[in-house]
Amino acid sequence: MQLYIRNGRVVTETHEFEGGLLVESGRVAGLVEGNPDHAADEVIDAQGLLILPGLVDAHVHFSEPGRGHWEGFRTGSMAAAAGGVTTIAEMPLNASPPTIDEDALALKRIAARQSIVDYALWGGLVADNRAHLDGLQAGGVAGFKAFMCASSTDFPRVNDSVMRGGMEQIAAFGSFLAVHAEDEDITGRLTADLRNAGRTDRLAWGETRPVDAELTAIEAAISMARLTGARLHIVHISSAEGVDLVTAAKRSGLAVTAETCPHYLFFCEDDLVRIGPEAKCAPPLRSSARVEALWDRVLQGEIDVIASDHSPCLMAEKTAGDGDIFRAWGGISGLQSTLPAMLTAGRPRGLKLTDLVRMTTGNPSRLFGFHPRKGALAIGADADIVIVDPDAVFVLQAKDLYYRNQHSAYVGSAMRGKVKKTIRRGITIFNDGAISKNAGVGEFLAGAGSYQSIRAHAV
Ligand SMILES: [Zn+2]
């Protein structure tokens with residue numbers, strides 16, 4: 001055996017048991033109950049520690065090519081490793097060019113070679129690149145992402161007809177559409193109103209993006225899924241009511257999934273007031289009552305995926321909003337903090353570790369068709385493993401972050417649950433606070449249905 005991780009507590013989506021794992025040739029070769037001896041080249045004693053599948057983060061922005069000074073695949077993937085994340089799916093916007101055609105995808109493939117974790121790449125659906133969707137799919141994108149409200153100028157939002165046409169096409173080749181669901185009419189009008197009224201304070205940000213805007217857009221997206229038959233994923237839902245719309249759609253037989261982010265569960269809008277621009281995101285942080293309602297949906301099993309929506313920027317793009325929240329970059333750098341944040345906020349509320357594993361490893365992997373190769377501690381699966389000290393307490397400091405720009409809303413937060421070791425396909429890439437010198441590089445994971453994925457999944 002290449003590796004024997006022993007004497008810990010193994011957690012899968014369905015089970016928890018005292019024991020360990022055997023790894024051979026980068027794959028899980030056995031699950032071991034109890035603490036028997038096994039001959040292995042390397043033995044890791046995980047006494048008192050949790051052994052989980054490596055996280056699959058379905059939603060990160062590494063901003064490369066073109067904006068590598070914001071993050072980049074090297075630093076972003078190092079932060080992933082430090083956070084126990086062994087696979088990331090990188091979004092089509094914030095890079096320049098955005099990943100909306102075949103040439104841009106080729107450039108992103110080159111930038112992504114610096115990643116030390118395995119990676120998938122999203123393609124974009126914008127107004128109007130429908131002529132390039134087939135090419136993006138053939139190039140192995142893991143799924144498609146669209147904005148229903150205004151985003152960056154180089155990633156224009158979709159109107160109803162582009163969204164409908166795009167969904168028909170995406171459904172035809174068996175992929176799916178993920179949407180940022182906030183209604184443009186509502187957010188645009190409220191933004192204009194509050195800015196005209198001279199509002200610059202932190203709470204004004206949330207007032208321009210009320211839950212109604214989210215619900216209106218989710219309803220529209222679900223209607224479109226019903227009309228087109230396309231599979232739909234709603235990213236970063238910030239409200240229980242939003243989750244309820246997805247749950248109702250699922251019950252009516254539609255293939256719709258719900259994602260939320262740790263920051264909607266760890267922080268509330270009081271934290272936006274307290275922390276300032278670092279905690280600005282869209283949809284915005286909600287009231288503490290709404291946070292608890294969202295937690296209720298998490299505990300009821302109605303959230304499919306928890307993803308970071310890691311959205312880095314230069315420090316100056318956050319401090320620009322010190323006097324006027326509207327001037328700050330909207331996005332939270334959170335990739336490295338997902339696991340500690342969810343353990344910290346989740347365990348006092350009764351979150352089961354098996355459920356956390358399902359939402360952060362198994363389900364995101366299924367979303368892209370990577371399961372059970374990714375996101376599973378099962379024989380034959382890639383040996384992507386994170387070893388966690390559930391009782392270690394720490395206060396996150398900026399210097400601990402591997403991001404290119406060491407700032408985050410989570411800095412200063414007291415956390416309980418620390419990543420000790422991260423293993424990608426049997427190779428230790430993060431160990432006790434340091435990235436391994438021999439981490440090597442990650443592999444590209446093509447989306448299900450593309451030619452590449454058929455080859456890659458020939459396990
Ligand atoms: Zn995002």
# chains A, B, ... in the order shown; residues from 1 in each chain; ligands from 1

$ closest_atom_pairs --of "chain A" --to "ligand 1" --cutoff "10 Å" --atoms "only C-alpha atoms and all ligand atoms" --output "tab-separated table"
residue	atom	partner	partner_atom_place_in_ligand_line	distance
A:Ala58	CA	ligand 1	1 (Zn)	9.7
A:His59	CA	ligand 1	1 (Zn)	6.1
A:Val60	CA	ligand 1	1 (Zn)	6.4
A:His61	CA	ligand 1	1 (Zn)	6.4
A:Glu90	CA	ligand 1	1 (Zn)	9.1
A:Met91	CA	ligand 1	1 (Zn)	6.8
A:Pro92	CA	ligand 1	1 (Zn)	9.1
A:Leu93	CA	ligand 1	1 (Zn)	8.1
A:Asn94	CA	ligand 1	1 (Zn)	9.1
A:Lys145	CA	ligand 1	1 (Zn)	9.3
A:Phe147	CA	ligand 1	1 (Zn)	9.8
A:Val179	CA	ligand 1	1 (Zn)	9.7
A:His180	CA	ligand 1	1 (Zn)	7.8
A:Val235	CA	ligand 1	1 (Zn)	7.8
A:His236	CA	ligand 1	1 (Zn)	7.8
A:Cys281	CA	ligand 1	1 (Zn)	9.4
A:Ala282	CA	ligand 1	1 (Zn)	8.7
A:Ala307	CA	ligand 1	1 (Zn)	9.4
A:Ser308	CA	ligand 1	1 (Zn)	8.4
A:Asp309	CA	ligand 1	1 (Zn)	4.6
A:His310	CA	ligand 1	1 (Zn)	6.8
A:Ser311	CA	ligand 1	1 (Zn)	6.4
A:Gly330	CA	ligand 1	1 (Zn)	10.0
A:Gly331	CA	ligand 1	1 (Zn)	7.7
A:Ile332	CA	ligand 1	1 (Zn)	9.3

$ closest_atom_pairs --of "stretch 182-216 of chain A" --to "stretch 241-258 of chain A" --cutoff "12 Å" --atoms "only C-alpha atoms" --output "Markdown table"
| residue | atom | partner | partner_atom | distance |
| --- | --- | --- | --- | --- |
| A:Glu182 | CA | A:Gly242 | CA | 10.6 |
| A:Pro210 | CA | A:Gly242 | CA | 11.7 |
| A:Val211 | CA | A:Gly242 | CA | 8.0 |
| A:Asp212 | CA | A:Gly242 | CA | 9.2 |
| A:Ala213 | CA | A:Gly242 | CA | 10.1 |
| A:Glu214 | CA | A:Gly242 | CA | 6.9 |
| A:Leu215 | CA | A:Gly242 | CA | 5.6 |
| A:Thr216 | CA | A:Gly242 | CA | 9.2 |

$ write_last_selection --atoms "N, CA and C atoms" --output "short mmCIF file (atom, residue, chain, number, x, y, z; two decimals), in the first residue's frame"
data_model
loop_
_atom_site.label_atom_id
_atom_site.label_comp_id
_atom_site.auth_asym_id
_atom_site.auth_seq_id
_atom_site.Cartn_x
_atom_site.Cartn_y
_atom_site.Cartn_z
N GLU A 182 -30.93 37.27 -9.33
CA GLU A 182 -31.47 38.50 -8.73
C GLU A 182 -32.09 39.28 -9.88
N PRO A 210 -33.09 43.31 -2.15
CA PRO A 210 -33.94 42.60 -1.18
C PRO A 210 -34.21 41.15 -1.59
N VAL A 211 -34.71 40.39 -0.66
CA VAL A 211 -35.05 38.99 -0.94
C VAL A 211 -36.03 38.89 -2.10
N ASP A 212 -36.95 39.87 -2.21
CA ASP A 212 -37.90 39.87 -3.34
C ASP A 212 -37.20 39.77 -4.70
N ALA A 213 -36.07 40.45 -4.81
CA ALA A 213 -35.34 40.42 -6.09
C ALA A 213 -34.85 39.01 -6.37
N GLU A 214 -34.41 38.33 -5.32
CA GLU A 214 -33.95 36.96 -5.48
C GLU A 214 -35.12 36.04 -5.86
N LEU A 215 -36.24 36.20 -5.17
CA LEU A 215 -37.38 35.31 -5.41
C LEU A 215 -37.95 35.50 -6.80
N THR A 216 -38.03 36.75 -7.24
CA THR A 216 -38.57 37.03 -8.58
C THR A 216 -37.71 36.34 -9.65
#

$ select_by_dssp --residues "stretch 213-454 of chain A" --states "alpha helix (DSSP H)" --output "VMD selection string"
chain A and resid 213 to 228 240 to 251 262 to 266 269 to 275 288 to 299 315 to 319 338 to 346 353 to 357 363 to 368 451 to 454

$ residues_around --residues "A:Gly321" --least-positions-apart "2" --cutoff "10 Å" --atoms "only C-alpha atoms" --output "list in words"
Thr200, Asp201, Arg202, Gly276, Pro277, Glu278, Lys280, Ala316, Glu317, Lys318, Thr319, Gly323, Asp324, Ile325, Phe326, Arg327, Ala328, Trp329 and Gly330 of chain A

$ write_last_selection --atoms "all heavy atoms" --output "short mmCIF file (atom, residue, chain, number, x, y, z; two decimals), in the first residue's frame"
data_model
loop_
_atom_site.label_atom_id
_atom_site.label_comp_id
_atom_site.auth_asym_id
_atom_site.auth_seq_id
_atom_site.Cartn_x
_atom_site.Cartn_y
_atom_site.Cartn_z
N THR A 200 -24.93 56.07 1.12
CA THR A 200 -23.62 55.45 0.90
C THR A 200 -23.30 54.43 1.99
O THR A 200 -22.26 53.78 1.96
CB THR A 200 -22.49 56.52 0.94
OG1 THR A 200 -22.56 57.20 2.20
CG2 THR A 200 -22.63 57.52 -0.20
N ASP A 201 -24.23 54.32 2.98
CA ASP A 201 -23.95 53.50 4.16
C ASP A 201 -24.05 52.01 3.83
O ASP A 201 -24.58 51.60 2.81
CB ASP A 201 -24.94 53.85 5.27
CG ASP A 201 -26.39 53.66 4.83
OD1 ASP A 201 -26.86 54.45 3.97
OD2 ASP A 201 -27.03 52.71 5.31
N ARG A 202 -23.53 51.22 4.72
CA ARG A 202 -23.38 49.78 4.47
C ARG A 202 -24.73 49.09 4.32
O ARG A 202 -24.89 48.21 3.47
CB ARG A 202 -22.53 49.16 5.58
CG ARG A 202 -21.10 49.68 5.51
CD ARG A 202 -20.27 49.43 6.74
NE ARG A 202 -18.91 49.92 6.49
CZ ARG A 202 -17.92 49.81 7.35
NH1 ARG A 202 -18.12 49.23 8.53
NH2 ARG A 202 -16.72 50.27 7.05
N GLY A 276 -17.76 45.88 7.16
CA GLY A 276 -17.64 46.80 6.04
C GLY A 276 -17.46 46.11 4.71
O GLY A 276 -17.94 44.98 4.52
N PRO A 277 -16.78 46.77 3.76
CA PRO A 277 -16.72 46.29 2.37
C PRO A 277 -16.27 44.84 2.20
O PRO A 277 -16.69 44.19 1.24
CB PRO A 277 -15.73 47.26 1.72
CG PRO A 277 -15.89 48.52 2.49
CD PRO A 277 -16.15 48.10 3.90
N GLU A 278 -15.43 44.33 3.09
CA GLU A 278 -15.01 42.92 2.96
C GLU A 278 -16.21 41.98 2.97
O GLU A 278 -16.13 40.87 2.44
CB GLU A 278 -14.06 42.51 4.10
CG GLU A 278 -12.68 43.09 4.02
CD GLU A 278 -11.86 42.54 2.86
OE1 GLU A 278 -12.30 41.60 2.18
OE2 GLU A 278 -10.76 43.07 2.64
N LYS A 280 -19.18 42.70 1.71
CA LYS A 280 -20.13 43.04 0.65
C LYS A 280 -20.15 41.92 -0.39
O LYS A 280 -19.10 41.52 -0.90
CB LYS A 280 -19.73 44.35 -0.02
CG LYS A 280 -20.63 44.74 -1.19
CD LYS A 280 -20.15 46.02 -1.88
CE LYS A 280 -20.94 46.28 -3.16
NZ LYS A 280 -20.47 47.49 -3.86
N ALA A 316 -7.36 47.38 -2.48
CA ALA A 316 -7.82 48.74 -2.79
C ALA A 316 -9.26 48.75 -3.30
O ALA A 316 -9.97 49.75 -3.15
CB ALA A 316 -6.89 49.37 -3.82
N GLU A 317 -9.67 47.62 -3.90
CA GLU A 317 -11.04 47.58 -4.42
C GLU A 317 -12.06 47.35 -3.30
O GLU A 317 -13.26 47.53 -3.50
CB GLU A 317 -11.16 46.50 -5.51
CG GLU A 317 -10.53 47.00 -6.80
CD GLU A 317 -9.98 45.90 -7.68
OE1 GLU A 317 -9.65 44.81 -7.18
OE2 GLU A 317 -9.86 46.14 -8.88
N LYS A 318 -11.60 46.95 -2.15
CA LYS A 318 -12.45 46.89 -0.97
C LYS A 318 -12.41 48.22 -0.21
O LYS A 318 -13.45 48.77 0.14
CB LYS A 318 -12.02 45.73 -0.05
CG LYS A 318 -12.45 44.36 -0.56
CD LYS A 318 -13.97 44.22 -0.62
CE LYS A 318 -14.42 42.79 -0.85
NZ LYS A 318 -15.90 42.69 -1.01
N THR A 319 -11.21 48.74 0.01
CA THR A 319 -11.12 49.99 0.79
C THR A 319 -11.78 51.15 0.04
O THR A 319 -12.19 52.13 0.66
CB THR A 319 -9.66 50.34 1.13
OG1 THR A 319 -8.90 50.37 -0.07
CG2 THR A 319 -9.06 49.32 2.08
N GLY A 323 -16.01 54.72 2.46
CA GLY A 323 -16.92 55.84 2.68
C GLY A 323 -18.22 55.71 1.90
O GLY A 323 -19.16 56.46 2.11
N ASP A 324 -18.26 54.77 0.96
CA ASP A 324 -19.43 54.60 0.09
C ASP A 324 -19.47 53.13 -0.33
O ASP A 324 -18.69 52.71 -1.18
CB ASP A 324 -19.31 55.51 -1.14
CG ASP A 324 -20.46 55.31 -2.13
OD1 ASP A 324 -21.30 54.41 -1.93
OD2 ASP A 324 -20.51 56.07 -3.13
N ILE A 325 -20.36 52.39 0.32
CA ILE A 325 -20.38 50.94 0.12
C ILE A 325 -20.55 50.57 -1.35
O ILE A 325 -20.07 49.52 -1.80
CB ILE A 325 -21.47 50.29 1.00
CG1 ILE A 325 -21.31 48.76 1.07
CG2 ILE A 325 -22.88 50.64 0.53
CD1 ILE A 325 -20.08 48.26 1.77
N PHE A 326 -21.21 51.44 -2.12
CA PHE A 326 -21.44 51.11 -3.53
C PHE A 326 -20.14 51.08 -4.34
O PHE A 326 -20.10 50.52 -5.42
CB PHE A 326 -22.44 52.10 -4.15
CG PHE A 326 -23.83 51.93 -3.60
CD1 PHE A 326 -24.32 52.78 -2.63
CD2 PHE A 326 -24.64 50.90 -4.05
CE1 PHE A 326 -25.59 52.61 -2.11
CE2 PHE A 326 -25.93 50.72 -3.54
CZ PHE A 326 -26.40 51.59 -2.56
N ARG A 327 -19.09 51.69 -3.83
CA ARG A 327 -17.83 51.75 -4.57
C ARG A 327 -16.93 50.54 -4.32
O ARG A 327 -15.91 50.39 -4.98
CB ARG A 327 -17.07 53.04 -4.21
CG ARG A 327 -17.83 54.30 -4.62
CD ARG A 327 -17.13 55.54 -4.10
NE ARG A 327 -15.86 55.76 -4.79
CZ ARG A 327 -15.73 56.50 -5.90
NH1 ARG A 327 -16.79 57.08 -6.43
NH2 ARG A 327 -14.56 56.65 -6.46
N ALA A 328 -17.29 49.69 -3.39
CA ALA A 328 -16.46 48.52 -3.08
C ALA A 328 -16.77 47.36 -4.03
O ALA A 328 -17.90 47.22 -4.51
CB ALA A 328 -16.72 48.06 -1.65
N TRP A 329 -15.76 46.54 -4.28
CA TRP A 329 -15.97 45.29 -5.01
C TRP A 329 -16.97 44.43 -4.23
O TRP A 329 -16.87 44.31 -2.99
CB TRP A 329 -14.64 44.54 -5.15
CG TRP A 329 -14.79 43.16 -5.74
CD1 TRP A 329 -14.74 41.98 -5.07
CD2 TRP A 329 -15.04 42.85 -7.11
NE1 TRP A 329 -14.94 40.94 -5.95
CE2 TRP A 329 -15.11 41.44 -7.21
CE3 TRP A 329 -15.18 43.62 -8.28
CZ2 TRP A 329 -15.35 40.78 -8.42
CZ3 TRP A 329 -15.42 42.96 -9.48
CH2 TRP A 329 -15.49 41.57 -9.54
N GLY A 330 -17.90 43.84 -4.96
CA GLY A 330 -18.87 42.96 -4.33
C GLY A 330 -18.45 41.51 -4.48
O GLY A 330 -18.52 40.96 -5.58
#

$ select_by_dssp --residues "stretch 375-459 of chain A" --states "strand (DSSP E or B)" --output "ChimeraX atom specification"
/A:382,385-395,414-424,427-431,434-435,444

$ closest_residue --among "A:Ala95, A:Leu339, A:Val305, A:Cys313" --to "A:Gln406" --atoms "only C-alpha atoms"
A:Cys313

$ residues_around --residues "A:Gln137" --least-positions-apart "5" --cutoff "9 Å" --atoms "only C-alpha atoms" --output "MDAnalysis selection string"
chainID A and resid 123 132 142:144 170 173 175 447 449:450

$ residues_around --residues "A:Thr361" --least-positions-apart "6" --cutoff "6 Å" --atoms "only C-alpha atoms" --output "JSON, numbers by chain"
{"A": [55, 56, 375]}

$ closest_atom_pairs --of "stretch 9-88 of chain A" --to "stretch 97-106 of chain A" --cutoff "9 Å" --atoms "only C-alpha atoms" --output "JSON lines"
{"residue": "A:Ser63", "atom": "CA", "partner": "A:Pro98", "partner_atom": "CA", "distance": 8.8}
{"residue": "A:Glu64", "atom": "CA", "partner": "A:Pro97", "partner_atom": "CA", "distance": 8.6}
{"residue": "A:Pro65", "atom": "CA", "partner": "A:Pro97", "partner_atom": "CA", "distance": 7.1}
{"residue": "A:Gly66", "atom": "CA", "partner": "A:Pro97", "partner_atom": "CA", "distance": 6.7}

$ write_last_selection --atoms "N, CA and C atoms" --output "JSON list (two decimals), in the first residue's frame"
[["chain", "number", "residue", "atom", "x", "y", "z"],
["A", 63, "SER", "N", -10.10, 34.46, -11.63],
["A", 63, "SER", "CA", -9.83, 35.73, -12.33],
["A", 63, "SER", "C", -8.64, 35.68, -13.28],
["A", 64, "GLU", "N", -8.30, 34.49, -13.72],
["A", 64, "GLU", "CA", -7.16, 34.34, -14.62],
["A", 64, "GLU", "C", -7.60, 33.55, -15.85],
["A", 65, "PRO", "N", -7.19, 33.87, -17.05],
["A", 65, "PRO", "CA", -6.20, 34.90, -17.39],
["A", 65, "PRO", "C", -6.76, 36.33, -17.26],
["A", 66, "GLY", "N", -5.83, 37.27, -17.31],
["A", 66, "GLY", "CA", -6.20, 38.67, -17.44],
["A", 66, "GLY", "C", -6.24, 39.43, -16.13]]

$ residues_around --residues "stretch 272-275 of chain A" --least-positions-apart "5" --cutoff "10 Å" --atoms "only C-alpha atoms" --output "PyMOL selection string"
chain A and resi 201-203+205-206+267+280-281+284-286+325+408-412

$ write_last_selection --atoms "C-alpha atoms" --output "PDB file, in the first residue's frame"
ATOM      1  CA  ASP A 201     -23.951  53.501   4.162  1.00  0.00           C
ATOM      2  CA  ARG A 202     -23.383  49.785   4.469  1.00  0.00           C
ATOM      3  CA  LEU A 203     -27.019  48.825   5.032  1.00  0.00           C
ATOM      4  CA  TRP A 205     -26.280  47.778  -0.103  1.00  0.00           C
ATOM      5  CA  GLY A 206     -28.722  45.226   1.264  1.00  0.00           C
ATOM      6  CA  PHE A 267     -22.486  36.094   8.894  1.00  0.00           C
ATOM      7  CA  LYS A 280     -20.128  43.040   0.649  1.00  0.00           C
ATOM      8  CA  CYS A 281     -21.504  40.394  -1.696  1.00  0.00           C
ATOM      9  CA  PRO A 284     -26.181  40.595   0.282  1.00  0.00           C
ATOM     10  CA  LEU A 285     -25.866  39.217   3.804  1.00  0.00           C
ATOM     11  CA  ARG A 286     -29.315  38.962   5.410  1.00  0.00           C
ATOM     12  CA  ILE A 325     -20.378  50.941   0.118  1.00  0.00           C
ATOM     13  CA  SER A 408     -11.278  38.341   3.704  1.00  0.00           C
ATOM     14  CA  ALA A 409     -14.480  38.963   5.616  1.00  0.00           C
ATOM     15  CA  TYR A 410     -13.481  35.960   7.732  1.00  0.00           C
ATOM     16  CA  VAL A 411     -10.281  37.586   9.059  1.00  0.00           C
ATOM     17  CA  GLY A 412     -10.680  38.051  12.806  1.00  0.00           C
TER      18      GLY A 412
END

$ residues_around --residues "stretch 224-230 of chain A" --least-positions-apart "2" --cutoff "6 Å" --atoms "only C-alpha atoms" --output "number ranges by chain"
A: 167-168, 171, 221-222

$ write_last_selection --atoms "C-alpha atoms" --output "PDB file, in the first residue's frame"
ATOM      1  CA  MET A 167     -31.274  26.586 -21.990  1.00  0.00           C
ATOM      2  CA  GLU A 168     -32.764  24.692 -24.938  1.00  0.00           C
ATOM      3  CA  ALA A 171     -30.451  20.795 -22.436  1.00  0.00           C
ATOM      4  CA  ALA A 221     -35.560  30.748 -13.911  1.00  0.00           C
ATOM      5  CA  ILE A 222     -37.709  27.846 -12.723  1.00  0.00           C
TER       6      ILE A 222
END

$ closest_residue --among "A:Leu49, A:Cys261, A:Glu71, A:Ala240" --to "A:Glu302" --atoms "only C-alpha atoms"
A:Ala240

$ closest_residue --among "A:Val441, A:Ala46, A:Ala279, A:Ile110" --to "A:Val10" --atoms "only C-alpha atoms"
A:Ala46

$ closest_residue --among "A:Ser25, A:Thr14, A:Ser115, A:Thr86" --to "A:Ile423" --atoms "only C-alpha atoms"
A:Thr86
